[in-house]
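Worksheet for the structure shown next.
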2 protein chains.
Amino acid sequence: MAHRILIVDDERMLTDLLSEHLGECGYETLAANSGGEALRLLQKGPDLILLDINMPGTDGLELCRSIRGHVSCPIIFLTARISEQDKINGFGFGGDDYITKPFSLKELTARVAAHLRRDERARRGSSVLTTADGLLMDLSSRRVYFGETEIVFSKKEFDLMEYLITYRGQVFDRERIYESVWGLDAEGDSGVVKEHIRKIRSKLREATRREYIETVWGVGYKWKD
Amino acid sequence: MAHRILIVDDERMLTDLLSEHLGECGYETLAANSGGEALRLLQKGPDLILLDINMPGTDGLELCRSIRGHVSCPIIFLTARISEQDKINGFGFGGDDYITKPFSLKELTARVAAHLRRDERARRGSSVLTTADGLLMDLSSRRVYFGETEIVFSKKEFDLMEYLITYRGQVFDRERIYESVWGLDAEGDSGVVKEHIRKIRSKLREATRREYIETVWGVGYKWKD
DNA sequence: AATAAAAGTCAAAAAACGGTCAAATAAATG
DNA sequence: CATTTATTTGACCGTTTTTTGACTTTTATT
C-alpha cells in the first residue's frame, strides 16, 4: 500500500501543488487547510505529515504537540521563519525535521523519502484500546472498563496506561515514560513513574485479579501482550 | 547506555570540538579523521554518524555507501557544498540529513537528538534478531525465545548478547566488548565480561543444548554464524 | 612433561534497582 | 476559601544484578 502523506498548510495553492506532485511520486495525499481539519484527518492514519508552522489563527507548534499526542509518524515542518530559535523549537515540540520556504520539490521529496524509509511502523487510529482479556480503554470518554465494571483512573494514570497499551509489548525505561507522558521539557523522573505504576497496578489488580504491567529488571516497564 | 556518535572529519580541530560538545550533551563520541578510521570505528556500533562529505583523498559519498553496507544508523552529512544537487545526492547515497557548514552547535545537537529519537522508534518497532537455528531476540520486548520456550536474561546479559549477535561472526576481545556494552568511559576491567559470557552460555546451553559463543583463544569471543 | 598465560568456575561482597509507604505539595472542586 | 483529590517526593527495605577475587582448568609453547 502506498504511503499516505498529510499536508497541512493554509494556502490551498500550496497544498494542491504538493498534493499533485507527491501524487505523481506514488504517494497518497491528504490535504488540510486548517488545524482542525488536520486533527480530523489524523484518523486516516497518515504515514508522514508536512506541517506549516505559520498558519493564521493557529499556533503550528501547539498543533504539532496535539498531533504528537495522537500519532507517532514523522512530522516535517514547513516554515518561513528561519531564525535558529524557531528551528530548535520545532524539534523540541516533537517535529522531526523542518524545511524552510521557499524549497524545491526535489528537496522536499528527497526528505520525505528519507523519513519514510526510516520510519516503518504499523499503527492504528482507533479511539478505543482493548486488551486480550476484556479490558477496554475508551480514549474519548477517558474511561476504563473490565467487563461490566468501570475502573476509575486519574489523568496521569490514564495517560500512562494509554501510552503503555498503545505500544504494548515494548519495554520503556522510566525516563522515557516520563518524557513521553509528562512532556518533553522536564528532566529526569525522580520516581514519579514508579509510584504511578504502583497505583495503576493496584487498581487493575483489585478489579481484574490479573497482572498487566511487567517489570523488566534494570530496564523498565511494559504492557504484557 | 548513552547514545554513541561517530564524527568523521579530516580536520582534527572540528572533530575535537564536536566531540567535546556532544560529550557535554551526554553522548559518547568516537572521532575519525579519515575514511579508513571511520570504517574501523563502525565496530564500536555507533548510533548516529556525522560525516564530512568533503574529505581530501576520500569520496565522502562513496564512504557513505560503504558505511551503509555495514550499519543502518542515521547518517548526517556535514558539507560546505551548498548546491541543491549535492543535497539530493546526499540522500540518494543513503544519508538521512545534511547540515551545511558553517553551522551552530545548537542546530547540530537539535538535529542529532531528533534523528536519534526517530531512529530508536523505528528500530524498536519491529526489531528482531534471529540466528540460523531458531533462536530469537526481540529487542523491543527484550525477550529471547528458543522455539516456544523463553530464556530469561538480565540486562547486561541481554545487551552483551545483542552486541555479539548484531556483529555475528566477528571476533571481539574482552576489552572491546566491555567498551561497547558497558560504555567507553568505564574503567578497563574485562574480567566481568568473562563472567557474563559464562552466564549467557550456561542459560543458552540449558535451553538449547547448543553452543553459540565461541572462544577464539588469545583473542576474544564471537557469535557463531 | 613442565610451564606460563589465558580462559573458566564459583561463591561471596557490593552495588543497583524496584516496591512500598507516608508525608508534603499542588491542583481541582464546590 | 475550605475541602478534597491528585501528584510528587524522599526514605526505607528486600531483592536481583553485577562485580570481584581466589581458585581451577585448559591451551600453547618449550
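Here's how to read the names in the C-alpha cells: chain A, B, ... by the order shown, residue numbers from 1 in each chain, ligand numbers from 1 in the order shown.
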Output as JSON lines one row per residue of chain B within 12 Å of chain D: the closest atom pair and its distance in Å to one decimal place, counting only C-alpha atoms (C1' of nucleotides), sorted by chain and residue number ascending.
{"residue": "B:Phe153", "atom": "CA", "partner": "D:DT17", "partner_atom": "C1'", "distance": 10.7}
{"residue": "B:Ser154", "atom": "CA", "partner": "D:DT17", "partner_atom": "C1'", "distance": 7.4}
{"residue": "B:Lys155", "atom": "CA", "partner": "D:DT17", "partner_atom": "C1'", "distance": 8.5}
{"residue": "B:Lys156", "atom": "CA", "partner": "D:DT18", "partner_atom": "C1'", "distance": 8.6}
{"residue": "B:Glu157", "atom": "CA", "partner": "D:DT17", "partner_atom": "C1'", "distance": 10.2}
{"residue": "B:Trp182", "atom": "CA", "partner": "D:DT18", "partner_atom": "C1'", "distance": 11.6}
{"residue": "B:Asp189", "atom": "CA", "partner": "D:DT19", "partner_atom": "C1'", "distance": 9.9}
{"residue": "B:Ser190", "atom": "CA", "partner": "D:DT19", "partner_atom": "C1'", "distance": 10.8}
{"residue": "B:Gly191", "atom": "CA", "partner": "D:DT20", "partner_atom": "C1'", "distance": 8.7}
{"residue": "B:Val192", "atom": "CA", "partner": "D:DT19", "partner_atom": "C1'", "distance": 6.7}
{"residue": "B:Val193", "atom": "CA", "partner": "D:DT19", "partner_atom": "C1'", "distance": 10.2}
{"residue": "B:Lys194", "atom": "CA", "partner": "D:DT19", "partner_atom": "C1'", "distance": 11.3}
{"residue": "B:Glu195", "atom": "CA", "partner": "D:DT19", "partner_atom": "C1'", "distance": 9.3}
{"residue": "B:His196", "atom": "CA", "partner": "D:DT18", "partner_atom": "C1'", "distance": 9.2}
{"residue": "B:Lys199", "atom": "CA", "partner": "D:DT18", "partner_atom": "C1'", "distance": 11.8}
{"residue": "B:Thr215", "atom": "CA", "partner": "D:DT27", "partner_atom": "C1'", "distance": 11.8}
{"residue": "B:Val216", "atom": "CA", "partner": "D:DT27", "partner_atom": "C1'", "distance": 11.3}
{"residue": "B:Trp217", "atom": "CA", "partner": "D:DT27", "partner_atom": "C1'", "distance": 8.1}
{"residue": "B:Gly218", "atom": "CA", "partner": "D:DT27", "partner_atom": "C1'", "distance": 9.6}
Save the residues we just selected, C-alpha atoms, as a PDB file, in the first residue's frame?
ATOM      1  CA  PHE B 153      18.401 -12.853  30.601  1.00  0.00           C
ATOM      2  CA  SER B 154      19.439  -9.959  32.802  1.00  0.00           C
ATOM      3  CA  LYS B 155      20.013  -6.530  31.322  1.00  0.00           C
ATOM      4  CA  LYS B 156      23.748  -6.806  30.838  1.00  0.00           C
ATOM      5  CA  GLU B 157      23.455 -10.331  29.583  1.00  0.00           C
ATOM      6  CA  TRP B 182      29.309  -1.024  29.289  1.00  0.00           C
ATOM      7  CA  ASP B 189      38.103  -4.282  33.693  1.00  0.00           C
ATOM      8  CA  SER B 190      37.450  -7.156  31.410  1.00  0.00           C
ATOM      9  CA  GLY B 191      37.068  -9.905  33.969  1.00  0.00           C
ATOM     10  CA  VAL B 192      33.426  -9.010  34.221  1.00  0.00           C
ATOM     11  CA  VAL B 193      32.906  -9.965  30.630  1.00  0.00           C
ATOM     12  CA  LYS B 194      34.205 -13.450  31.314  1.00  0.00           C
ATOM     13  CA  GLU B 195      31.604 -13.956  33.972  1.00  0.00           C
ATOM     14  CA  HIS B 196      28.766 -12.672  31.858  1.00  0.00           C
ATOM     15  CA  LYS B 199      26.134 -16.913  32.445  1.00  0.00           C
ATOM     16  CA  THR B 215      36.167 -18.625  22.239  1.00  0.00           C
ATOM     17  CA  VAL B 216      38.985 -17.602  19.953  1.00  0.00           C
ATOM     18  CA  TRP B 217      41.974 -18.330  22.058  1.00  0.00           C
ATOM     19  CA  GLY B 218      44.197 -15.386  22.851  1.00  0.00           C
TER      20      GLY B 218
END
Exercise. What residues in chain C have any atom no more than 10 Å from chain B when counting only C-alpha atoms (C1' of nucleotides), and can you write them as a VMD selection string?
Worked result: chain C and resid 5 to 9
Exercise. Expressed in Å to a single decimal, how great is the separation between atom CA of B:Arg174 and atom CA of B:Ser66?
Worked result: 26.7 Å
For this session: Tell me, in Å to one decimal, how far atom CA of B:His3 is from atom CA of B:Cys25.
Result: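 Separation of atom CA of B:His3 and atom CA of B:Cys25: 10.4 Å.
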Exercise. In Å, with one decimal, what is the gap from atom CA of B:Glu150 to atom CA of B:Ile200?
Worked result: 13.6 Å
Exercise. Which neighbours of A:Trp223 fall inside 10 Å, counting only C-alpha atoms (C1' of nucleotides), when residues of the same chain fewer than 3 positions from it are skipped, and could you give them as a ChimeraX atom specification?
Worked result: /A:131,161-172,211-215 /B:141
Just write the chosen residues, N, CA and C atoms, as a short mmCIF file (atom, residue, chain, number, x, y, z; two decimals), in the first residue's frame.
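out06.cif was written with the following content:
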data_model
loop_
_atom_site.label_atom_id
_atom_site.label_comp_id
_atom_site.auth_asym_id
_atom_site.auth_seq_id
_atom_site.Cartn_x
_atom_site.Cartn_y
_atom_site.Cartn_z
N THR A 131 -7.55 -4.85 25.39
CA THR A 131 -6.55 -5.89 25.57
C THR A 131 -7.22 -7.25 25.45
N MET A 161 -1.14 4.72 31.26
CA MET A 161 -1.69 3.44 30.83
C MET A 161 -1.90 3.42 29.32
N GLU A 162 -2.44 4.51 28.81
CA GLU A 162 -2.67 4.59 27.37
C GLU A 162 -1.35 4.44 26.61
N TYR A 163 -0.35 5.08 27.14
CA TYR A 163 0.96 5.01 26.48
C TYR A 163 1.47 3.57 26.42
N LEU A 164 1.42 2.90 27.54
CA LEU A 164 1.93 1.53 27.57
C LEU A 164 1.11 0.60 26.68
N ILE A 165 -0.21 0.77 26.73
CA ILE A 165 -1.05 -0.12 25.93
C ILE A 165 -0.86 0.13 24.44
N THR A 166 -0.70 1.41 24.09
CA THR A 166 -0.50 1.73 22.68
C THR A 166 0.71 1.00 22.12
N TYR A 167 1.75 0.96 22.92
CA TYR A 167 2.96 0.28 22.47
C TYR A 167 3.16 -1.02 23.22
N ARG A 168 2.08 -1.75 23.37
CA ARG A 168 2.13 -2.96 24.20
C ARG A 168 3.25 -3.89 23.75
N GLY A 169 3.86 -4.49 24.73
CA GLY A 169 4.94 -5.42 24.41
C GLY A 169 6.31 -4.77 24.38
N GLN A 170 6.32 -3.45 24.17
CA GLN A 170 7.61 -2.77 24.15
C GLN A 170 8.01 -2.33 25.54
N VAL A 171 9.29 -2.43 25.81
CA VAL A 171 9.79 -2.01 27.11
C VAL A 171 10.24 -0.56 27.05
N PHE A 172 9.82 0.22 28.04
CA PHE A 172 10.26 1.60 28.13
C PHE A 172 10.89 1.86 29.49
N GLU A 211 -2.30 -9.46 36.36
CA GLU A 211 -1.18 -8.54 36.23
C GLU A 211 -1.03 -8.13 34.77
N TYR A 212 -0.94 -6.84 34.53
CA TYR A 212 -0.83 -6.36 33.16
C TYR A 212 0.53 -5.72 32.87
N ILE A 213 1.08 -5.09 33.89
CA ILE A 213 2.34 -4.38 33.67
C ILE A 213 3.49 -5.21 34.20
N GLU A 214 4.40 -5.45 33.32
CA GLU A 214 5.54 -6.30 33.68
C GLU A 214 6.78 -5.44 33.89
N THR A 215 7.54 -5.78 34.92
CA THR A 215 8.80 -5.10 35.16
C THR A 215 9.92 -5.85 34.47
N SER B 141 10.70 -6.03 23.16
CA SER B 141 10.17 -6.58 24.42
C SER B 141 11.30 -7.16 25.27
#
